[in-house]
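Visitor: The structure file run04.cif (mmCIF, C-alpha atoms, pLDDT in the B column; chains and numbers go by the auth columns) is provided below.
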```cif
data_target
#
loop_
_atom_site.group_PDB
_atom_site.id
_atom_site.type_symbol
_atom_site.label_atom_id
_atom_site.label_comp_id
_atom_site.label_asym_id
_atom_site.label_seq_id
_atom_site.Cartn_x
_atom_site.Cartn_y
_atom_site.Cartn_z
_atom_site.B_iso_or_equiv
_atom_site.auth_seq_id
_atom_site.auth_asym_id
ATOM 1 C CA MET A 1 26.158 51.744 -23.268 37.00 235 A
ATOM 2 C CA PRO A 2 28.093 51.205 -26.539 37.00 236 A
ATOM 3 C CA ARG A 3 27.226 53.481 -29.423 33.00 237 A
ATOM 4 C CA LEU A 4 25.120 51.710 -31.999 34.00 238 A
ATOM 5 C CA LYS A 5 25.381 52.661 -35.652 31.00 239 A
ATOM 6 C CA GLN A 6 23.138 51.000 -38.161 30.00 240 A
ATOM 7 C CA ARG A 7 21.491 51.706 -41.459 28.00 241 A
ATOM 8 C CA THR A 8 18.098 50.160 -41.987 28.00 242 A
ATOM 9 C CA LEU A 9 15.299 50.716 -44.439 27.00 243 A
ATOM 10 C CA LEU A 10 12.009 51.565 -42.795 29.00 244 A
ATOM 11 C CA ALA A 11 8.581 52.361 -44.247 30.00 245 A
ATOM 12 C CA VAL A 12 7.115 55.503 -42.708 32.00 246 A
ATOM 13 C CA ALA A 13 3.937 57.087 -44.067 32.00 247 A
ATOM 14 C CA GLY A 14 4.293 55.148 -47.288 31.00 248 A
ATOM 15 C CA ALA A 15 7.904 56.294 -47.872 32.00 249 A
ATOM 16 C CA THR A 16 11.140 54.433 -47.385 30.00 250 A
ATOM 17 C CA VAL A 17 13.592 56.237 -45.128 32.00 251 A
ATOM 18 C CA SER A 18 17.132 55.641 -44.006 32.00 252 A
ATOM 19 C CA VAL A 19 17.683 55.292 -40.303 31.00 253 A
ATOM 20 C CA LEU A 20 20.657 56.854 -38.589 31.00 254 A
ATOM 21 C CA ALA A 21 20.819 55.676 -35.008 33.00 255 A
ATOM 22 C CA VAL A 22 22.831 57.905 -32.703 33.00 256 A
ATOM 23 C CA ALA A 23 23.274 56.174 -29.339 33.00 257 A
ATOM 24 C CA ALA A 24 19.749 54.914 -29.842 35.00 258 A
ATOM 25 C CA PRO A 25 18.103 52.860 -27.117 37.00 259 A
ATOM 26 C CA ALA A 26 16.209 49.791 -28.264 36.00 260 A
ATOM 27 C CA ALA A 27 12.522 49.471 -27.464 37.00 261 A
ATOM 28 C CA THR A 28 10.871 46.084 -27.236 33.00 262 A
ATOM 29 C CA ALA A 29 7.248 45.310 -27.968 37.00 263 A
ATOM 30 C CA ALA A 30 5.148 42.220 -28.424 34.00 264 A
ATOM 31 C CA LEU A 31 4.015 41.832 -32.011 32.00 265 A
ATOM 32 C CA ASP A 32 2.033 38.633 -31.562 37.00 266 A
ATOM 33 C CA SER A 33 -1.372 39.418 -30.045 37.00 267 A
ATOM 34 C CA GLU A 34 -2.069 35.721 -29.373 40.00 268 A
ATOM 35 C CA GLN A 35 0.706 35.038 -26.867 41.00 269 A
ATOM 36 C CA SER A 36 0.320 32.373 -24.266 42.00 270 A
ATOM 37 C CA PRO A 37 0.075 33.489 -20.611 44.00 271 A
ATOM 38 C CA SER A 38 3.582 32.146 -19.924 47.00 272 A
ATOM 39 C CA SER A 39 5.072 34.450 -22.583 48.00 273 A
ATOM 40 C CA SER A 40 3.114 37.554 -21.531 52.00 274 A
ATOM 41 C CA SER A 41 5.818 38.531 -19.029 54.00 275 A
ATOM 42 C CA ALA A 42 8.237 39.016 -21.942 56.00 276 A
ATOM 43 C CA ALA A 43 5.864 41.597 -23.441 60.00 277 A
ATOM 44 C CA ALA A 44 5.958 43.579 -20.187 76.00 278 A
ATOM 45 C CA ARG A 45 9.762 43.640 -20.017 88.00 279 A
ATOM 46 C CA GLY A 46 11.319 47.065 -19.620 94.00 280 A
ATOM 47 C CA ALA A 47 10.388 50.280 -17.913 96.00 281 A
ATOM 48 C CA ALA A 48 7.485 52.590 -18.724 97.00 282 A
ATOM 49 C CA TYR A 49 8.679 55.311 -21.103 97.00 283 A
ATOM 50 C CA VAL A 50 7.242 57.930 -23.433 98.00 284 A
ATOM 51 C CA GLU A 51 8.317 57.932 -27.063 98.00 285 A
ATOM 52 C CA THR A 52 8.117 61.385 -28.627 98.00 286 A
ATOM 53 C CA ARG A 53 8.554 61.792 -32.368 98.00 287 A
ATOM 54 C CA LEU A 54 9.078 65.191 -33.941 98.00 288 A
ATOM 55 C CA PHE A 55 8.781 65.697 -37.710 97.00 289 A
ATOM 56 C CA PHE A 56 10.870 68.492 -39.254 97.00 290 A
ATOM 57 C CA GLY A 57 10.385 69.718 -42.816 95.00 291 A
ATOM 58 C CA THR A 58 13.307 71.210 -44.720 95.00 292 A
ATOM 59 C CA GLU A 59 11.643 73.504 -47.279 92.00 293 A
ATOM 60 C CA ARG A 60 11.011 77.100 -46.304 88.00 294 A
ATOM 61 C CA PRO A 61 7.414 78.190 -47.014 80.00 295 A
ATOM 62 C CA GLU A 62 8.516 81.716 -47.959 80.00 296 A
ATOM 63 C CA GLY A 63 11.274 80.476 -50.261 82.00 297 A
ATOM 64 C CA GLY A 64 14.973 80.434 -49.618 87.00 298 A
ATOM 65 C CA PRO A 65 17.303 77.471 -49.507 93.00 299 A
ATOM 66 C CA ASP A 66 16.215 74.199 -47.942 95.00 300 A
ATOM 67 C CA VAL A 67 17.620 73.251 -44.546 96.00 301 A
ATOM 68 C CA THR A 68 20.801 71.250 -45.192 96.00 302 A
ATOM 69 C CA ASP A 69 22.064 68.173 -43.323 97.00 303 A
ATOM 70 C CA PRO A 70 24.855 70.176 -41.623 98.00 304 A
ATOM 71 C CA GLN A 71 22.354 72.870 -40.577 97.00 305 A
ATOM 72 C CA PHE A 72 19.965 70.280 -39.154 98.00 306 A
ATOM 73 C CA MET A 73 22.711 68.458 -37.240 98.00 307 A
ATOM 74 C CA ALA A 74 23.967 71.799 -35.860 98.00 308 A
ATOM 75 C CA PHE A 75 20.391 72.481 -34.709 98.00 309 A
ATOM 76 C CA ILE A 76 20.302 69.059 -32.976 98.00 310 A
ATOM 77 C CA ASP A 77 23.648 69.752 -31.268 98.00 311 A
ATOM 78 C CA ARG A 78 22.541 73.203 -30.134 97.00 312 A
ATOM 79 C CA SER A 79 18.833 72.750 -29.342 97.00 313 A
ATOM 80 C CA VAL A 80 18.242 69.049 -28.579 98.00 314 A
ATOM 81 C CA THR A 81 21.356 67.349 -27.224 97.00 315 A
ATOM 82 C CA PRO A 82 21.676 69.614 -24.133 97.00 316 A
ATOM 83 C CA SER A 83 18.199 68.470 -22.981 96.00 317 A
ATOM 84 C CA PHE A 84 18.551 64.842 -24.150 96.00 318 A
ATOM 85 C CA PRO A 85 22.245 63.946 -23.742 95.00 319 A
ATOM 86 C CA SER A 86 21.547 60.240 -23.063 93.00 320 A
ATOM 87 C CA GLY A 87 20.600 59.576 -26.671 94.00 321 A
ATOM 88 C CA LEU A 88 18.211 60.167 -29.534 97.00 322 A
ATOM 89 C CA THR A 89 17.493 58.829 -32.995 97.00 323 A
ATOM 90 C CA ILE A 90 17.250 60.749 -36.250 98.00 324 A
ATOM 91 C CA GLN A 91 15.661 59.305 -39.371 97.00 325 A
ATOM 92 C CA GLU A 92 15.827 60.947 -42.767 96.00 326 A
ATOM 93 C CA GLY A 93 12.814 60.693 -45.007 94.00 327 A
ATOM 94 C CA ARG A 94 10.385 62.220 -47.461 95.00 328 A
ATOM 95 C CA GLY A 95 7.087 63.582 -46.292 92.00 329 A
ATOM 96 C CA GLN A 96 4.063 65.481 -47.426 91.00 330 A
ATOM 97 C CA TRP A 97 1.460 67.631 -45.764 86.00 331 A
ATOM 98 C CA ARG A 98 -1.101 70.289 -46.652 88.00 332 A
ATOM 99 C CA ASP A 99 0.229 73.766 -45.868 83.00 333 A
ATOM 100 C CA ALA A 100 -1.760 76.728 -44.526 82.00 334 A
ATOM 101 C CA GLY A 101 -2.632 77.746 -48.107 86.00 335 A
ATOM 102 C CA GLY A 102 -4.085 74.304 -48.894 90.00 336 A
ATOM 103 C CA VAL A 103 -1.191 73.215 -51.110 88.00 337 A
ATOM 104 C CA ILE A 104 0.186 69.695 -50.689 91.00 338 A
ATOM 105 C CA GLU A 105 3.903 70.088 -50.042 87.00 339 A
ATOM 106 C CA ARG A 106 6.362 67.233 -50.572 92.00 340 A
ATOM 107 C CA GLU A 107 9.774 67.622 -49.030 94.00 341 A
ATOM 108 C CA ARG A 108 12.835 66.013 -47.546 96.00 342 A
ATOM 109 C CA SER A 109 12.320 65.684 -43.804 97.00 343 A
ATOM 110 C CA TYR A 110 13.747 64.441 -40.525 98.00 344 A
ATOM 111 C CA GLU A 111 12.108 62.449 -37.758 98.00 345 A
ATOM 112 C CA LEU A 112 13.587 62.872 -34.284 98.00 346 A
ATOM 113 C CA ILE A 113 12.794 60.118 -31.771 98.00 347 A
ATOM 114 C CA LEU A 114 13.199 60.797 -28.053 98.00 348 A
ATOM 115 C CA LEU A 115 12.667 58.238 -25.272 97.00 349 A
ATOM 116 C CA TYR A 116 12.314 59.237 -21.617 97.00 350 A
ATOM 117 C CA PRO A 117 10.836 57.710 -18.453 97.00 351 A
ATOM 118 C CA THR A 118 7.112 58.308 -17.966 98.00 352 A
ATOM 119 C CA GLY A 119 7.860 60.039 -14.665 97.00 353 A
ATOM 120 C CA GLU A 120 9.795 62.731 -16.567 97.00 354 A
ATOM 121 C CA ALA A 121 6.970 63.575 -18.992 97.00 355 A
ATOM 122 C CA ARG A 122 5.887 66.814 -17.282 97.00 356 A
ATOM 123 C CA ALA A 123 9.445 68.125 -17.098 97.00 357 A
ATOM 124 C CA ARG A 124 10.228 67.061 -20.685 98.00 358 A
ATOM 125 C CA ASP A 125 7.127 68.651 -22.245 98.00 359 A
ATOM 126 C CA PRO A 126 8.371 72.281 -22.093 98.00 360 A
ATOM 127 C CA GLN A 127 11.821 71.193 -23.323 98.00 361 A
ATOM 128 C CA ILE A 128 10.255 69.519 -26.350 98.00 362 A
ATOM 129 C CA GLU A 129 8.033 72.510 -27.048 98.00 363 A
ATOM 130 C CA ARG A 130 11.121 74.795 -26.979 98.00 364 A
ATOM 131 C CA ILE A 131 12.756 72.529 -29.587 98.00 365 A
ATOM 132 C CA ARG A 132 9.693 72.812 -31.831 98.00 366 A
ATOM 133 C CA GLU A 133 9.457 76.582 -31.405 98.00 367 A
ATOM 134 C CA ALA A 134 13.188 77.078 -32.050 98.00 368 A
ATOM 135 C CA TYR A 135 13.077 75.131 -35.331 98.00 369 A
ATOM 136 C CA ILE A 136 9.938 76.921 -36.513 97.00 370 A
ATOM 137 C CA LYS A 137 11.526 80.298 -35.831 96.00 371 A
ATOM 138 C CA GLU A 138 15.046 79.541 -37.083 96.00 372 A
ATOM 139 C CA TYR A 139 13.976 77.841 -40.324 95.00 373 A
ATOM 140 C CA GLU A 140 10.726 79.751 -40.996 92.00 374 A
ATOM 141 C CA GLN A 141 8.481 76.674 -40.744 93.00 375 A
ATOM 142 C CA GLU A 142 4.697 76.578 -40.336 91.00 376 A
ATOM 143 C CA SER A 143 4.951 73.759 -37.804 93.00 377 A
ATOM 144 C CA VAL A 144 6.881 70.815 -36.400 96.00 378 A
ATOM 145 C CA ALA A 145 4.555 67.842 -35.893 96.00 379 A
ATOM 146 C CA ARG A 146 4.681 65.981 -32.568 98.00 380 A
ATOM 147 C CA LEU A 147 3.584 62.441 -31.685 98.00 381 A
ATOM 148 C CA ASP A 148 3.714 61.051 -28.120 98.00 382 A
ATOM 149 C CA GLU A 149 3.110 57.383 -27.290 98.00 383 A
ATOM 150 C CA PRO A 150 3.561 55.289 -24.158 97.00 384 A
ATOM 151 C CA THR A 151 5.980 52.405 -24.592 97.00 385 A
ATOM 152 C CA ARG A 152 8.171 49.982 -22.636 96.00 386 A
ATOM 153 C CA VAL A 153 11.951 50.185 -22.977 95.00 387 A
ATOM 154 C CA ASP A 154 14.678 47.749 -22.016 94.00 388 A
ATOM 155 C CA PHE A 155 18.309 48.804 -22.444 90.00 389 A
#
```
Spit out the file's structure as structure tokens when you get a sec.
Guide:
Amino acid sequence: MPRLKQRTLLAVAGATVSVLAVAAPAATAALDSEQSPSSSSAAARGAAYVETRLFFGTERPEGGPDVTDPQFMAFIDRSVTPSFPSGLTIQEGRGQWRDAGGVIERERSYELILLYPTGEARARDPQIERIREAYIKEYEQESVARLDEPTRVDF
């Protein structure tokens, strides 16, 4: 599969983010809910996959310097790529959330998108949890949010 590099603007949680696609597979989905029966087979194209999104903050709750781009990419190389060598997508953005003390924090963030066959979900779950735990520990974070959704993927 050729490496795909693109920069796109995308609205996520009310913020515009830049997309950096790193060997990113393309997912297809039907956007028109009123398709005719003859076009419904196009909506089912592709294999059943799980899309997991992880959201990484860059500010350290106890102070200290923010996580830098080189630090984050080194983390990806060390903690993510060995488990997901076929590809992944990283998006840079701005996010906000309410911390454990009730304060709304706004910070630079990263969204990591992983795609894997549905049949691999049980094996992938502990790998993904290790990624979350490693980032929390290494960069003194309160959490790394996780979102899992079923999808169909055609490469």
Visitor: For Thr302 (chain A), which of A:Tyr373, A:Gly335, A:Pro316, A:Arg356 is the closest residue, counting all atoms listed in the file?
Guide: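 Smallest separation from Thr302 (chain A) among the options: A:Tyr373.
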Visitor: Which is closest to Ala281 (chain A) among A:Glu363, A:Leu349, A:Asp382, A:Gly297, if we use all atoms listed in the file?
Guide: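 Result for the nearest residue to Ala281 (chain A): A:Leu349.
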Visitor: Given all atoms listed in the file as the basis, pick out the residue of A:Val284, A:Ala355, A:Ile362, A:Ile338 nearest to Ser313 (chain A).
Guide: A:Ile362
Visitor: So that I can check the surroundings of Arg287 (chain A), please list as a ChimeraX atom specification every protein, DNA and RNA residue that reaches within 7 Å of it, counting only C-alpha atoms and ignoring chain neighbours fewer than 6 positions away.
Guide: /A:345-348,380-382
Visitor: How far is it from CA of Pro319 (chain A) to CA of Tyr344 (chain A), in Å with one decimal?
Guide: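 Computing the Euclidean distance for CA of Pro319 (chain A) and CA of Tyr344 (chain A) yields 18.8 Å.
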Visitor: Using all atoms listed in the file, pick whichever of A:Leu322, A:Ile365, A:Val337, A:Arg342 has the shortest atom-to-atom distance to Asp303 (chain A).
Guide: A:Arg342
Visitor: Could you list, as a count of residues only, every residue matched by the PyMOL selection byres ((chain A and resi 367) around 12) in this structure?
Guide: 24
Visitor: Find the distance between CA of Phe318 (chain A) and CA of Tyr350 (chain A) and write it in Å to one decimal.
Guide: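 Between these atoms lies a distance of 8.8 Å.
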Visitor: Could you check how far CA of Ile324 (chain A) sits from CA of Met307 (chain A), in Å to one decimal?
Guide: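 Calculated distance between CA of Ile324 (chain A) and CA of Met307 (chain A) is 9.5 Å.
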Visitor: Please complete region 359-381 of chain A with N, CA and C atoms and give it back as a short mmCIF file (atom, residue, chain, number, x, y, z; two decimals), in the coordinates of the input.
Guide:
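That gives us result.cif:
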```cif
data_model
loop_
_atom_site.label_atom_id
_atom_site.label_comp_id
_atom_site.auth_asym_id
_atom_site.auth_seq_id
_atom_site.Cartn_x
_atom_site.Cartn_y
_atom_site.Cartn_z
N ASP A 359 8.05 67.97 -21.34
CA ASP A 359 7.13 68.65 -22.24
C ASP A 359 7.59 70.06 -22.62
N PRO A 360 7.94 70.94 -21.68
CA PRO A 360 8.37 72.28 -22.09
C PRO A 360 9.70 72.26 -22.87
N GLN A 361 10.57 71.30 -22.57
CA GLN A 361 11.82 71.19 -23.32
C GLN A 361 11.53 70.85 -24.79
N ILE A 362 10.61 69.93 -24.99
CA ILE A 362 10.26 69.52 -26.35
C ILE A 362 9.56 70.66 -27.09
N GLU A 363 8.70 71.37 -26.40
CA GLU A 363 8.03 72.51 -27.05
C GLU A 363 9.04 73.60 -27.43
N ARG A 364 10.07 73.82 -26.62
CA ARG A 364 11.12 74.80 -26.98
C ARG A 364 11.87 74.35 -28.23
N ILE A 365 12.10 73.05 -28.38
CA ILE A 365 12.76 72.53 -29.59
C ILE A 365 11.90 72.84 -30.81
N ARG A 366 10.61 72.55 -30.71
CA ARG A 366 9.69 72.81 -31.83
C ARG A 366 9.67 74.29 -32.19
N GLU A 367 9.52 75.13 -31.17
CA GLU A 367 9.46 76.58 -31.40
C GLU A 367 10.75 77.11 -32.00
N ALA A 368 11.90 76.62 -31.54
CA ALA A 368 13.19 77.08 -32.05
C ALA A 368 13.34 76.74 -33.54
N TYR A 369 12.95 75.52 -33.92
CA TYR A 369 13.08 75.13 -35.33
C TYR A 369 12.13 75.95 -36.21
N ILE A 370 10.91 76.12 -35.75
CA ILE A 370 9.94 76.92 -36.51
C ILE A 370 10.48 78.32 -36.75
N LYS A 371 11.01 78.93 -35.72
CA LYS A 371 11.53 80.30 -35.83
C LYS A 371 12.79 80.36 -36.69
N GLU A 372 13.75 79.49 -36.39
CA GLU A 372 15.05 79.54 -37.08
C GLU A 372 14.93 79.22 -38.57
N TYR A 373 14.07 78.28 -38.93
CA TYR A 373 13.98 77.84 -40.32
C TYR A 373 12.65 78.21 -40.99
N GLU A 374 11.93 79.17 -40.41
CA GLU A 374 10.73 79.75 -41.00
C GLU A 374 9.70 78.69 -41.40
N GLN A 375 9.42 77.76 -40.48
CA GLN A 375 8.48 76.67 -40.74
C GLN A 375 7.08 77.02 -40.24
N GLU A 376 6.06 76.41 -40.83
CA GLU A 376 4.70 76.58 -40.34
C GLU A 376 4.48 75.76 -39.08
N SER A 377 5.11 74.59 -39.00
CA SER A 377 4.95 73.76 -37.80
C SER A 377 6.02 72.68 -37.76
N VAL A 378 6.12 72.05 -36.60
CA VAL A 378 6.88 70.82 -36.40
C VAL A 378 5.89 69.87 -35.74
N ALA A 379 5.55 68.78 -36.43
CA ALA A 379 4.56 67.84 -35.89
C ALA A 379 5.15 67.08 -34.71
N ARG A 380 4.27 66.71 -33.77
CA ARG A 380 4.68 65.98 -32.57
C ARG A 380 3.75 64.80 -32.35
N LEU A 381 4.33 63.65 -32.00
CA LEU A 381 3.58 62.44 -31.68
C LEU A 381 4.15 61.88 -30.39
#
```
